[in-house]
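What follows is one structure encoded as structure tokens, with my remarks underneath.
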Amino acid sequence: MNLMQVLRHVDNNMKGLLLDLQSLIRQPSVSAKNEGLEECAKLVGKIMKNSGIKSEILHLGKGVPPVVYGEVRSKQNPSKTILFYNHYDVQPAEPFELWADKPFSGKIKGNKIFGRGAADDKGELITRIKAVESYLKTHGDVPCNVKFLVEGEEEIGSMHVEKYLKKYKNKLECDGVIWEFGYVDEKNRPIISLGMKGLLYVELSAIESVRDAHSSLAVIIKNPAWKLLEALKTLRDSNGKILIKDWYKEVTPFTKEELALIKSEPFDESRFKKEYGIKKFVASKKGKEVKKAMVGGPTCNIAGFISGYTGPGAKTVLPAKALAKLDFRLVPQMEPLKQLARLKQHLRKHGFSDVKIKMIHGEAASKTKISDPFVSTVREAANESFGKSIVSVSSAGTGPMYSFAKVLRTPCISIGSTYIFSRIHSPNEFARIDLLKKTTKCMCLIMDKFATS
Ligand SMILES: [Zn+2]
């Protein structure tokens with residue numbers, strides 16, 4: 001196959017890529033609100049078909065968003081299969097008033113295309129589709145078999161993706177998975193990430209009385225907000241260390257190889273602080289400690305806390321109830337259910353057995369070995385397309401990578417087009433057009449190298 005011809009096709013067809021991306025952005029698909037999911041799945045299927053990819057909408061049952069399956073069998077090399085995992089759902093666009101244009105506009109300004117999903121994950125998805133299209137339009141074939149799994153629940157925790165993987169295991173069989181996203185840093189280096197952290201998401205609630213009371217009664221009625229605060233305070237010290245017994249028990253230290261990789265990873269601390277308007281990191285971390293925490297540090301985070309009156313002015317109220325949402329990032333070997341049991345035990349032991357715990361979501365962490373040959377394939381492709389790249393032991397974020405590694409038994413690697421400050425999950429999300437192009441080429445190169453690796 002003439003690779004130059006394929007890459008030239010990418011260069012000459014960016015207009016088509018942007019038009020398809022615009023149509024995807026303009027179809028809202030907010031999984032949190034169950035908005036537009038079926039429609040968006042159909043649209044993805046249609047775009048795949050137009051690109052020459054055989055597509056099919058898979059269902060699990062009523063109430064579960066469909067998965068779009070795509071497939072192209074290679075005529076010249078049907079012995080190897082790469083799978084692209086992506087998602088067509090997006091985060092809610094609120095607060096609307098902070099968007100410069102409408103959230104689902106797909107507006108292009110200079111090198112940027114704006115809209116919810118522009119980067120996460122519709123921009124990433126379109127790079128994979130267009131890479132395959134570039135082969136098909138120039139050669140009528142692809143270097144290896146290609147499969148797509150595009151789900152609709154990633155932004156709400158991918159709770160059915162493992163069921164899909166199990167039900168359609170034979171269909172989805174492959175030799176390597178390219179993950180749904182990948183960051184590109186401020187120096188235009190793609191970050192090839194070999195893992196993802198896990199997550200345990202819980203809701204803690206304390207109820208004291210049957211209704212809110214006049215706050216003068218605080219002399220005799222206990223305040224559940226205080227109780228919850230006291231309970232939370234026992235979970236973690238001010239340096240971020242989690243105080244729950246055996247929380248870190250299964251965690252294995254970094255290997256020598258991993259430590260070397262972590263050391264070599266660039267991280268611009270002052271730029272990062274500036275971007276978030278902060279002065280210090282947790283526990284005043286610096287240098288290597290910051291990097292180690294990013295790729296392998298467990299967390300206990302208060303994602304939300306609500307109780308009493310939070311409107312303007314004053315209301316002297318004694319709330320009946322307090323509620324906190326917590327997310328714990330987990331690292332490899334930590335099992336969400338085991339950690340949940342430890343949390344429950346901890347609260348009981350500290351006298352908070354009346355604080356209710358509701359588990360919202362749990363998933364384990366996953367990591368592909370540095371020595372896996374798929375890693376060098378992706379790295380070579382990234383270096384050719386971007387000129388340089390960074391390999392990271394793990395992303396700081398969470399995704400269902402563990403399910404893929406477990407069911408499909410293949411390495412999973414994250415690489416993509418998402419500029420690190422592209423405001424994903426925030427107002428004015430955008431994708432950079434230069435990075436969409438480079439990533440599309442990178443995907444072409446990955447397929448080419450993967451076929452012969
Ligand atoms: Zn997202």
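Residue names in the structure tokens use chain letters A, B, ... in the order shown, residue numbers from 1 in each chain, and ligand numbers from 1 in the order shown.
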Show which residues sit within 12 Å of Phe96 (chain A), as a PDB file with N, CA, C and O atoms, in the first residue's frame. Count only C-alpha atoms, and ignore same-chain residues fewer than 3 positions away.
ATOM      1  N   PRO A  92     -23.303  16.877  29.886  1.00  0.00           N
ATOM      2  CA  PRO A  92     -24.253  17.991  29.766  1.00  0.00           C
ATOM      3  C   PRO A  92     -23.506  19.288  29.449  1.00  0.00           C
ATOM      4  O   PRO A  92     -22.350  19.444  29.837  1.00  0.00           O
ATOM      5  N   ALA A  93     -24.175  20.205  28.749  1.00  0.00           N
ATOM      6  CA  ALA A  93     -23.496  21.433  28.310  1.00  0.00           C
ATOM      7  C   ALA A  93     -23.609  22.568  29.333  1.00  0.00           C
ATOM      8  O   ALA A  93     -22.948  23.591  29.196  1.00  0.00           O
ATOM      9  N   TRP A  99     -21.175  29.733  27.595  1.00  0.00           N
ATOM     10  CA  TRP A  99     -20.711  29.417  26.239  1.00  0.00           C
ATOM     11  C   TRP A  99     -20.737  30.685  25.386  1.00  0.00           C
ATOM     12  O   TRP A  99     -21.719  31.431  25.409  1.00  0.00           O
ATOM     13  N   ALA A 100     -19.673  30.899  24.620  1.00  0.00           N
ATOM     14  CA  ALA A 100     -19.624  32.065  23.726  1.00  0.00           C
ATOM     15  C   ALA A 100     -20.599  31.873  22.555  1.00  0.00           C
ATOM     16  O   ALA A 100     -21.245  32.822  22.113  1.00  0.00           O
ATOM     17  N   ASP A 101     -20.698  30.628  22.055  1.00  0.00           N
ATOM     18  CA  ASP A 101     -21.689  30.297  21.031  1.00  0.00           C
ATOM     19  C   ASP A 101     -22.582  29.213  21.606  1.00  0.00           C
ATOM     20  O   ASP A 101     -22.323  28.726  22.695  1.00  0.00           O
ATOM     21  N   LYS A 102     -23.606  28.836  20.836  1.00  0.00           N
ATOM     22  CA  LYS A 102     -24.464  27.747  21.330  1.00  0.00           C
ATOM     23  C   LYS A 102     -23.619  26.500  21.562  1.00  0.00           C
ATOM     24  O   LYS A 102     -22.702  26.206  20.791  1.00  0.00           O
ATOM     25  N   PRO A 103     -23.917  25.733  22.624  1.00  0.00           N
ATOM     26  CA  PRO A 103     -23.075  24.583  22.981  1.00  0.00           C
ATOM     27  C   PRO A 103     -22.971  23.517  21.884  1.00  0.00           C
ATOM     28  O   PRO A 103     -21.976  22.803  21.816  1.00  0.00           O
ATOM     29  N   PHE A 104     -23.995  23.388  21.060  1.00  0.00           N
ATOM     30  CA  PHE A 104     -23.938  22.355  20.022  1.00  0.00           C
ATOM     31  C   PHE A 104     -23.781  22.974  18.631  1.00  0.00           C
ATOM     32  O   PHE A 104     -24.319  22.496  17.651  1.00  0.00           O
ATOM     33  N   GLY A 115     -17.807  23.235  20.504  1.00  0.00           N
ATOM     34  CA  GLY A 115     -19.068  22.566  20.793  1.00  0.00           C
ATOM     35  C   GLY A 115     -18.872  21.436  21.778  1.00  0.00           C
ATOM     36  O   GLY A 115     -17.772  20.873  21.877  1.00  0.00           O
ATOM     37  N   ARG A 116     -19.934  21.113  22.512  1.00  0.00           N
ATOM     38  CA  ARG A 116     -19.843  19.967  23.423  1.00  0.00           C
ATOM     39  C   ARG A 116     -19.576  18.709  22.598  1.00  0.00           C
ATOM     40  O   ARG A 116     -20.301  18.433  21.651  1.00  0.00           O
ATOM     41  N   SER A 426     -16.316  21.254  30.069  1.00  0.00           N
ATOM     42  CA  SER A 426     -16.530  22.643  30.492  1.00  0.00           C
ATOM     43  C   SER A 426     -17.152  23.436  29.346  1.00  0.00           C
ATOM     44  O   SER A 426     -17.169  22.968  28.213  1.00  0.00           O
ATOM     45  N   PRO A 427     -17.607  24.663  29.641  1.00  0.00           N
ATOM     46  CA  PRO A 427     -18.104  25.512  28.556  1.00  0.00           C
ATOM     47  C   PRO A 427     -16.988  25.825  27.552  1.00  0.00           C
ATOM     48  O   PRO A 427     -15.819  25.851  27.918  1.00  0.00           O
ATOM     49  N   ASN A 428     -17.390  26.070  26.303  1.00  0.00           N
ATOM     50  CA  ASN A 428     -16.454  26.408  25.218  1.00  0.00           C
ATOM     51  C   ASN A 428     -15.441  25.317  24.913  1.00  0.00           C
ATOM     52  O   ASN A 428     -14.295  25.591  24.550  1.00  0.00           O
ATOM     53  N   GLU A 429     -15.891  24.069  25.053  1.00  0.00           N
ATOM     54  CA  GLU A 429     -15.043  22.938  24.628  1.00  0.00           C
ATOM     55  C   GLU A 429     -14.697  23.097  23.152  1.00  0.00           C
ATOM     56  O   GLU A 429     -15.522  23.522  22.356  1.00  0.00           O
TER      57      GLU A 429
END
Excluding Ala41 (chain A) and any residue of its chain fewer than 3 positions from it, enumerate the residues within 9 Å of it, using only C-alpha atoms, and give them as a PyMOL selection string. chain A and resi 29+36-38+44-46+57+65-68+88-89+150-152
Write a file of the just-selected residues containing all heavy atoms, as a short mmCIF file (atom, residue, chain, number, x, y, z; two decimals), in the first residue's frame.
data_model
loop_
_atom_site.label_atom_id
_atom_site.label_comp_id
_atom_site.auth_asym_id
_atom_site.auth_seq_id
_atom_site.Cartn_x
_atom_site.Cartn_y
_atom_site.Cartn_z
N SER A 29 -26.19 14.57 22.38
CA SER A 29 -26.27 13.16 22.81
C SER A 29 -25.80 13.09 24.26
O SER A 29 -24.73 12.57 24.54
CB SER A 29 -25.42 12.28 21.90
OG SER A 29 -24.12 12.83 21.77
N GLY A 36 -31.08 12.27 22.90
CA GLY A 36 -30.52 12.13 21.55
C GLY A 36 -29.58 10.96 21.32
O GLY A 36 -28.82 10.96 20.35
N LEU A 37 -29.64 9.95 22.19
CA LEU A 37 -28.65 8.86 22.07
C LEU A 37 -28.90 7.97 20.85
O LEU A 37 -27.98 7.70 20.09
CB LEU A 37 -28.61 8.04 23.36
CG LEU A 37 -28.18 8.81 24.62
CD1 LEU A 37 -28.19 7.92 25.84
CD2 LEU A 37 -26.80 9.44 24.43
N GLU A 38 -30.15 7.51 20.70
CA GLU A 38 -30.48 6.66 19.53
C GLU A 38 -30.15 7.40 18.24
O GLU A 38 -29.56 6.84 17.31
CB GLU A 38 -31.97 6.29 19.53
CG GLU A 38 -32.38 5.34 20.66
CD GLU A 38 -32.02 3.87 20.37
OE1 GLU A 38 -31.76 3.53 19.20
OE2 GLU A 38 -31.99 3.09 21.35
N VAL A 44 -23.79 8.13 13.70
CA VAL A 44 -22.43 7.54 13.65
C VAL A 44 -22.41 6.39 12.63
O VAL A 44 -21.51 6.29 11.80
CB VAL A 44 -21.99 7.02 15.05
CG1 VAL A 44 -20.70 6.21 14.96
CG2 VAL A 44 -21.80 8.19 16.01
N GLY A 45 -23.45 5.56 12.68
CA GLY A 45 -23.55 4.44 11.74
C GLY A 45 -23.57 4.93 10.29
O GLY A 45 -22.92 4.36 9.41
N LYS A 46 -24.30 6.03 10.09
CA LYS A 46 -24.41 6.58 8.74
C LYS A 46 -23.06 7.13 8.26
O LYS A 46 -22.65 6.90 7.12
CB LYS A 46 -25.46 7.71 8.75
CG LYS A 46 -26.01 8.04 7.38
CD LYS A 46 -27.09 9.11 7.45
CE LYS A 46 -26.53 10.42 6.94
NZ LYS A 46 -27.38 11.58 7.24
N ILE A 57 -26.02 -1.40 14.46
CA ILE A 57 -26.35 -0.89 15.79
C ILE A 57 -26.66 -2.09 16.69
O ILE A 57 -27.54 -2.89 16.36
CB ILE A 57 -27.57 0.05 15.74
CG1 ILE A 57 -27.41 1.12 14.66
CG2 ILE A 57 -27.86 0.64 17.11
CD1 ILE A 57 -26.69 2.37 15.05
N PRO A 65 -28.55 2.40 26.19
CA PRO A 65 -28.18 3.02 24.92
C PRO A 65 -27.44 2.03 24.00
O PRO A 65 -26.67 1.21 24.49
CB PRO A 65 -27.25 4.17 25.34
CG PRO A 65 -27.56 4.42 26.77
CD PRO A 65 -27.99 3.11 27.35
N PRO A 66 -27.69 2.12 22.71
CA PRO A 66 -27.06 1.17 21.79
C PRO A 66 -25.56 1.44 21.61
O PRO A 66 -25.06 2.50 21.95
CB PRO A 66 -27.79 1.42 20.47
CG PRO A 66 -28.27 2.82 20.55
CD PRO A 66 -28.55 3.08 22.01
N VAL A 67 -24.90 0.42 21.10
CA VAL A 67 -23.50 0.53 20.74
C VAL A 67 -23.43 0.49 19.21
O VAL A 67 -24.17 -0.25 18.58
CB VAL A 67 -22.71 -0.65 21.36
CG1 VAL A 67 -21.48 -1.01 20.54
CG2 VAL A 67 -22.30 -0.33 22.79
N VAL A 68 -22.58 1.31 18.63
CA VAL A 68 -22.38 1.24 17.18
C VAL A 68 -21.17 0.37 16.93
O VAL A 68 -20.09 0.62 17.46
CB VAL A 68 -22.15 2.63 16.56
CG1 VAL A 68 -22.17 2.54 15.03
CG2 VAL A 68 -23.20 3.63 17.04
N TYR A 88 -20.07 8.00 21.70
CA TYR A 88 -20.80 9.07 21.01
C TYR A 88 -21.57 9.96 21.99
O TYR A 88 -22.13 10.97 21.60
CB TYR A 88 -21.75 8.50 19.93
CG TYR A 88 -22.83 7.58 20.47
CD1 TYR A 88 -23.99 8.09 21.04
CD2 TYR A 88 -22.68 6.20 20.41
CE1 TYR A 88 -24.97 7.24 21.55
CE2 TYR A 88 -23.66 5.35 20.90
CZ TYR A 88 -24.80 5.88 21.47
OH TYR A 88 -25.76 5.05 21.98
N ASP A 89 -21.60 9.58 23.26
CA ASP A 89 -22.32 10.44 24.23
C ASP A 89 -21.41 11.55 24.72
O ASP A 89 -20.18 11.48 24.60
CB ASP A 89 -22.86 9.62 25.41
CG ASP A 89 -21.75 9.02 26.27
OD1 ASP A 89 -20.75 8.54 25.70
OD2 ASP A 89 -21.89 9.03 27.51
N VAL A 150 -18.42 1.81 19.50
CA VAL A 150 -18.71 3.19 19.91
C VAL A 150 -19.90 3.15 20.84
O VAL A 150 -21.02 2.86 20.42
CB VAL A 150 -19.00 4.08 18.68
CG1 VAL A 150 -19.05 5.54 19.09
CG2 VAL A 150 -17.94 3.88 17.59
N GLU A 151 -19.64 3.40 22.11
CA GLU A 151 -20.72 3.26 23.09
C GLU A 151 -21.38 4.60 23.43
O GLU A 151 -20.90 5.66 23.00
CB GLU A 151 -20.18 2.60 24.37
CG GLU A 151 -19.20 3.47 25.15
CD GLU A 151 -19.30 3.25 26.65
OE1 GLU A 151 -20.43 3.13 27.18
OE2 GLU A 151 -18.25 3.24 27.33
N GLY A 152 -22.45 4.57 24.19
CA GLY A 152 -23.22 5.77 24.49
C GLY A 152 -23.38 6.08 25.97
O GLY A 152 -24.26 6.83 26.36
#
Let me have all residues with an atom within 10 Å of ligand 1, counting only C-alpha atoms and all ligand atoms, laid out as a PyMOL selection string. chain A and resi 87+89-91+116-117+119-121+154-157+180-181+397-399+424-426
Going by DSSP on the backbone, which residues of region 107-172 of chain A come out as alpha helix (DSSP H)? List them as a PyMOL selection string. chain A and resi 122-139+161-167+169-172
Can you spit out the residues from that selection as a tab-separated table (two decimals), in the first residue's frame, using N, CA, C and O atoms?
chain	number	residue	atom	x	y	z
A	122	LYS	N	-16.30	13.16	20.13
A	122	LYS	CA	-16.66	13.10	18.71
A	122	LYS	C	-15.48	13.45	17.81
A	122	LYS	O	-15.32	12.89	16.73
A	123	GLY	N	-14.63	14.38	18.28
A	123	GLY	CA	-13.44	14.74	17.53
A	123	GLY	C	-12.50	13.54	17.41
A	123	GLY	O	-11.95	13.26	16.35
A	124	GLU	N	-12.32	12.83	18.52
A	124	GLU	CA	-11.46	11.64	18.50
A	124	GLU	C	-12.05	10.58	17.57
A	124	GLU	O	-11.34	10.00	16.75
A	125	LEU	N	-13.33	10.34	17.70
A	125	LEU	CA	-14.00	9.32	16.88
A	125	LEU	C	-13.82	9.58	15.39
A	125	LEU	O	-13.51	8.67	14.62
A	126	ILE	N	-13.98	10.85	15.00
A	126	ILE	CA	-13.92	11.16	13.57
A	126	ILE	C	-12.51	10.92	13.02
A	126	ILE	O	-12.35	10.54	11.85
A	127	THR	N	-11.47	11.10	13.84
A	127	THR	CA	-10.11	10.84	13.35
A	127	THR	C	-9.93	9.36	13.00
A	127	THR	O	-9.29	9.02	12.00
A	128	ARG	N	-10.53	8.49	13.81
A	128	ARG	CA	-10.42	7.04	13.55
A	128	ARG	C	-11.19	6.67	12.27
A	128	ARG	O	-10.69	5.92	11.43
A	129	ILE	N	-12.40	7.22	12.16
A	129	ILE	CA	-13.22	6.89	10.98
A	129	ILE	C	-12.53	7.38	9.71
A	129	ILE	O	-12.44	6.67	8.71
A	130	LYS	N	-12.00	8.62	9.76
A	130	LYS	CA	-11.39	9.19	8.55
A	130	LYS	C	-10.07	8.50	8.18
A	130	LYS	O	-9.70	8.47	7.01
A	131	ALA	N	-9.38	7.97	9.19
A	131	ALA	CA	-8.15	7.23	8.88
A	131	ALA	C	-8.51	5.99	8.05
A	131	ALA	O	-7.86	5.70	7.04
A	132	VAL	N	-9.54	5.29	8.48
A	132	VAL	CA	-9.97	4.09	7.75
A	132	VAL	C	-10.46	4.49	6.36
A	132	VAL	O	-10.12	3.86	5.35
A	133	GLU	N	-11.24	5.58	6.31
A	133	GLU	CA	-11.76	6.06	5.03
A	133	GLU	C	-10.62	6.38	4.06
A	133	GLU	O	-10.71	6.09	2.86
A	134	SER	N	-9.55	6.96	4.57
A	134	SER	CA	-8.43	7.34	3.70
A	134	SER	C	-7.81	6.12	3.02
A	134	SER	O	-7.39	6.19	1.87
A	135	TYR	N	-7.74	5.00	3.74
A	135	TYR	CA	-7.26	3.75	3.12
A	135	TYR	C	-8.25	3.25	2.08
A	135	TYR	O	-7.87	2.87	0.97
A	136	LEU	N	-9.53	3.26	2.48
A	136	LEU	CA	-10.54	2.69	1.58
A	136	LEU	C	-10.68	3.50	0.30
A	136	LEU	O	-10.80	2.94	-0.79
A	137	LYS	N	-10.61	4.84	0.42
A	137	LYS	CA	-10.78	5.68	-0.76
A	137	LYS	C	-9.57	5.62	-1.70
A	137	LYS	O	-9.70	5.80	-2.90
A	138	THR	N	-8.38	5.35	-1.13
A	138	THR	CA	-7.20	5.32	-1.98
A	138	THR	C	-6.82	3.90	-2.44
A	138	THR	O	-6.22	3.73	-3.49
A	139	HIS	N	-7.16	2.90	-1.64
A	139	HIS	CA	-6.73	1.54	-1.97
A	139	HIS	C	-7.86	0.51	-2.00
A	139	HIS	O	-7.64	-0.65	-2.37
A	161	VAL	N	-20.85	-1.42	29.24
A	161	VAL	CA	-19.88	-1.78	28.19
A	161	VAL	C	-19.34	-3.21	28.41
A	161	VAL	O	-19.12	-3.94	27.45
A	162	GLU	N	-19.17	-3.60	29.65
A	162	GLU	CA	-18.66	-4.95	29.90
A	162	GLU	C	-19.67	-6.00	29.43
A	162	GLU	O	-19.30	-7.04	28.88
A	163	LYS	N	-20.97	-5.70	29.63
A	163	LYS	CA	-22.00	-6.63	29.15
A	163	LYS	C	-21.95	-6.74	27.64
A	163	LYS	O	-22.09	-7.83	27.07
A	164	TYR	N	-21.78	-5.60	26.97
A	164	TYR	CA	-21.65	-5.62	25.50
A	164	TYR	C	-20.43	-6.44	25.10
A	164	TYR	O	-20.49	-7.25	24.18
A	165	LEU	N	-19.32	-6.21	25.78
A	165	LEU	CA	-18.09	-6.93	25.46
A	165	LEU	C	-18.29	-8.43	25.61
A	165	LEU	O	-17.85	-9.21	24.76
A	166	LYS	N	-18.99	-8.82	26.65
A	166	LYS	CA	-19.19	-10.26	26.89
A	166	LYS	C	-20.16	-10.84	25.88
A	166	LYS	O	-19.93	-11.90	25.32
A	167	LYS	N	-21.27	-10.11	25.63
A	167	LYS	CA	-22.29	-10.62	24.71
A	167	LYS	C	-21.73	-10.74	23.29
A	167	LYS	O	-22.03	-11.68	22.57
A	169	LYS	N	-18.50	-10.88	22.37
A	169	LYS	CA	-17.07	-11.17	22.49
A	169	LYS	C	-16.44	-11.65	21.19
A	169	LYS	O	-15.36	-11.18	20.80
A	170	ASN	N	-17.11	-12.57	20.51
A	170	ASN	CA	-16.54	-13.12	19.26
A	170	ASN	C	-16.44	-12.06	18.18
A	170	ASN	O	-15.45	-11.96	17.48
A	171	LYS	N	-17.49	-11.26	18.09
A	171	LYS	CA	-17.53	-10.18	17.11
A	171	LYS	C	-16.40	-9.18	17.37
A	171	LYS	O	-15.82	-8.62	16.45
A	172	LEU	N	-16.11	-8.94	18.64
A	172	LEU	CA	-15.17	-7.87	19.02
A	172	LEU	C	-13.72	-8.36	19.17
A	172	LEU	O	-12.83	-7.57	19.47
Do a neighbour search on Ile357 (chain A) at 10 Å with only C-alpha atoms, toss out local chain neighbours closer than 6 positions, and write the hits as a PyMOL selection string. chain A and resi 202-206+324-325+340+343-344+347
Please identify every residue of region 175-281 of chain A that has at least one atom no farther than 8 Å from an atom of region 298-319 of chain A, counting only C-alpha atoms, and for each give the shortest atom pair and the distance in Å to one decimal, arranged by chain then increasing number, as CSV.
residue,atom,partner,partner_atom,distance
A:Arg211,CA,A:Pro319,CA,7.4
A:Asp212,CA,A:Pro319,CA,4.6
A:Ala213,CA,A:Leu318,CA,5.0
A:His214,CA,A:Val317,CA,5.1
A:Ser215,CA,A:Leu318,CA,4.6
A:Ser216,CA,A:Thr316,CA,8.0
A:Leu217,CA,A:Leu318,CA,7.5
A:Ala218,CA,A:Leu318,CA,6.7
A:Asn223,CA,A:Leu318,CA,6.5
A:Pro224,CA,A:Pro319,CA,7.1
A:Ala225,CA,A:Ser307,CA,6.3
A:Leu235,CA,A:Cys300,CA,7.7
A:Arg236,CA,A:Cys300,CA,7.1
A:Gly240,CA,A:Thr299,CA,7.0
A:Lys241,CA,A:Thr299,CA,7.9
A:Ile242,CA,A:Cys300,CA,6.8
Selected residues, C-alpha atoms, written as a compact mmCIF listing (two decimals), in the first residue's frame, please.
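Result file follows (result-v2.txt):
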# COMPACT_ATOMS: atom_id res chain seq x y z
CA ARG A 211 -37.81 18.01 58.73
CA ASP A 212 -35.65 21.14 58.81
CA ALA A 213 -35.91 23.08 62.06
CA HIS A 214 -35.45 26.64 63.31
CA SER A 215 -31.74 26.99 63.99
CA SER A 216 -32.34 28.18 67.54
CA LEU A 217 -32.98 24.48 68.20
CA ALA A 218 -29.34 23.71 67.45
CA ASN A 223 -26.97 18.92 62.91
CA PRO A 224 -26.42 16.18 60.27
CA ALA A 225 -24.08 18.49 58.33
CA LEU A 235 -11.27 9.57 55.76
CA ARG A 236 -8.23 11.55 54.75
CA GLY A 240 -4.38 13.64 50.86
CA LYS A 241 -3.38 10.38 52.53
CA ILE A 242 -6.39 8.11 52.91
Just checking: using only C-alpha atoms, which residue out of A:Ser209, A:Asn383, A:Ser353, A:Ser264 ends up closest to Ala231 (chain A)?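 When distances to Ala231 (chain A) are compared using only C-alpha atoms, the smallest one comes from A:Ser353.
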For Tyr85 (chain A), which residue among A:Trp226, A:Phe352, A:Tyr402, A:Trp179 is the nearest when counting only C-alpha atoms? A:Trp179
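What separates CA of Val251 (chain A) from CA of Ala293 (chain A) is a distance of 13.3 Å.
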Output as a VMD selection string all residues of region 35-176 of chain A that backbone DSSP marks as strand (DSSP E). chain A and resid 54 to 58 67 to 72 81 to 87 108 to 109 112 to 114 145 to 151 176
Produce a table with one row for each residue of region 162-262 of chain A that has an atom at most 12 Å from any atom of region 433-453 of chain A, each row naming the nearest atom pair and its distance in Å at one decimal; use only C-alpha atoms; arrange rows by chain and rising residue number; format as a tab-separated table.
residue	atom	partner	partner_atom	distance
A:Cys174	CA	A:Phe450	CA	11.9
A:Asp175	CA	A:Phe450	CA	9.4
A:Gly176	CA	A:Phe450	CA	8.8
A:Val177	CA	A:Phe450	CA	11.1
A:Ile178	CA	A:Met443	CA	9.0
A:Trp179	CA	A:Met443	CA	11.5
A:Phe181	CA	A:Thr439	CA	10.4
A:Gly182	CA	A:Thr439	CA	9.6
A:Tyr183	CA	A:Leu435	CA	10.2
A:Val184	CA	A:Leu435	CA	8.1
A:Asp185	CA	A:Leu435	CA	10.8
A:Glu186	CA	A:Leu435	CA	11.6
A:Lys187	CA	A:Leu435	CA	11.8
A:Asn188	CA	A:Leu435	CA	8.2
A:Arg189	CA	A:Leu435	CA	10.1
A:Pro190	CA	A:Thr439	CA	8.9
A:Ile191	CA	A:Thr439	CA	11.7
A:Ile192	CA	A:Cys442	CA	11.8
Determine, counting only C-alpha atoms, which protein, DNA and RNA residues have an atom within 9 Å of an atom of His346 (chain A); residues of the same chain fewer than 5 positions away are not included. Present the result as a list in words. Thr234, Leu235, Leu243, Ile244, Lys245, Ala341, Gly351 and Phe352 of chain A
For the residues in the current selection, export N, CA and C atoms as a PDB file, in the first residue's frame.
ATOM      1  N   THR A 234     -12.502  12.010  58.925  1.00  0.00           N
ATOM      2  CA  THR A 234     -11.731  10.828  59.339  1.00  0.00           C
ATOM      3  C   THR A 234     -11.173  10.046  58.143  1.00  0.00           C
ATOM      4  N   LEU A 235     -11.641  10.379  56.932  1.00  0.00           N
ATOM      5  CA  LEU A 235     -11.267   9.573  55.761  1.00  0.00           C
ATOM      6  C   LEU A 235      -9.873   9.881  55.227  1.00  0.00           C
ATOM      7  N   LEU A 243      -7.026   7.520  55.165  1.00  0.00           N
ATOM      8  CA  LEU A 243      -6.804   6.950  56.493  1.00  0.00           C
ATOM      9  C   LEU A 243      -7.613   5.681  56.750  1.00  0.00           C
ATOM     10  N   ILE A 244      -8.318   5.210  55.748  1.00  0.00           N
ATOM     11  CA  ILE A 244      -9.116   3.994  55.898  1.00  0.00           C
ATOM     12  C   ILE A 244      -8.185   2.785  55.980  1.00  0.00           C
ATOM     13  N   LYS A 245      -8.462   1.909  56.938  1.00  0.00           N
ATOM     14  CA  LYS A 245      -7.566   0.769  57.191  1.00  0.00           C
ATOM     15  C   LYS A 245      -7.431  -0.106  55.924  1.00  0.00           C
ATOM     16  N   ALA A 341     -16.187  -2.053  50.997  1.00  0.00           N
ATOM     17  CA  ALA A 341     -16.349  -2.749  52.276  1.00  0.00           C
ATOM     18  C   ALA A 341     -15.447  -2.113  53.338  1.00  0.00           C
ATOM     19  N   GLY A 351     -17.744   5.224  64.647  1.00  0.00           N
ATOM     20  CA  GLY A 351     -18.986   5.687  65.256  1.00  0.00           C
ATOM     21  C   GLY A 351     -19.939   6.384  64.304  1.00  0.00           C
ATOM     22  N   PHE A 352     -19.787   6.114  63.018  1.00  0.00           N
ATOM     23  CA  PHE A 352     -20.700   6.735  62.046  1.00  0.00           C
ATOM     24  C   PHE A 352     -21.548   5.684  61.342  1.00  0.00           C
TER      25      PHE A 352
END
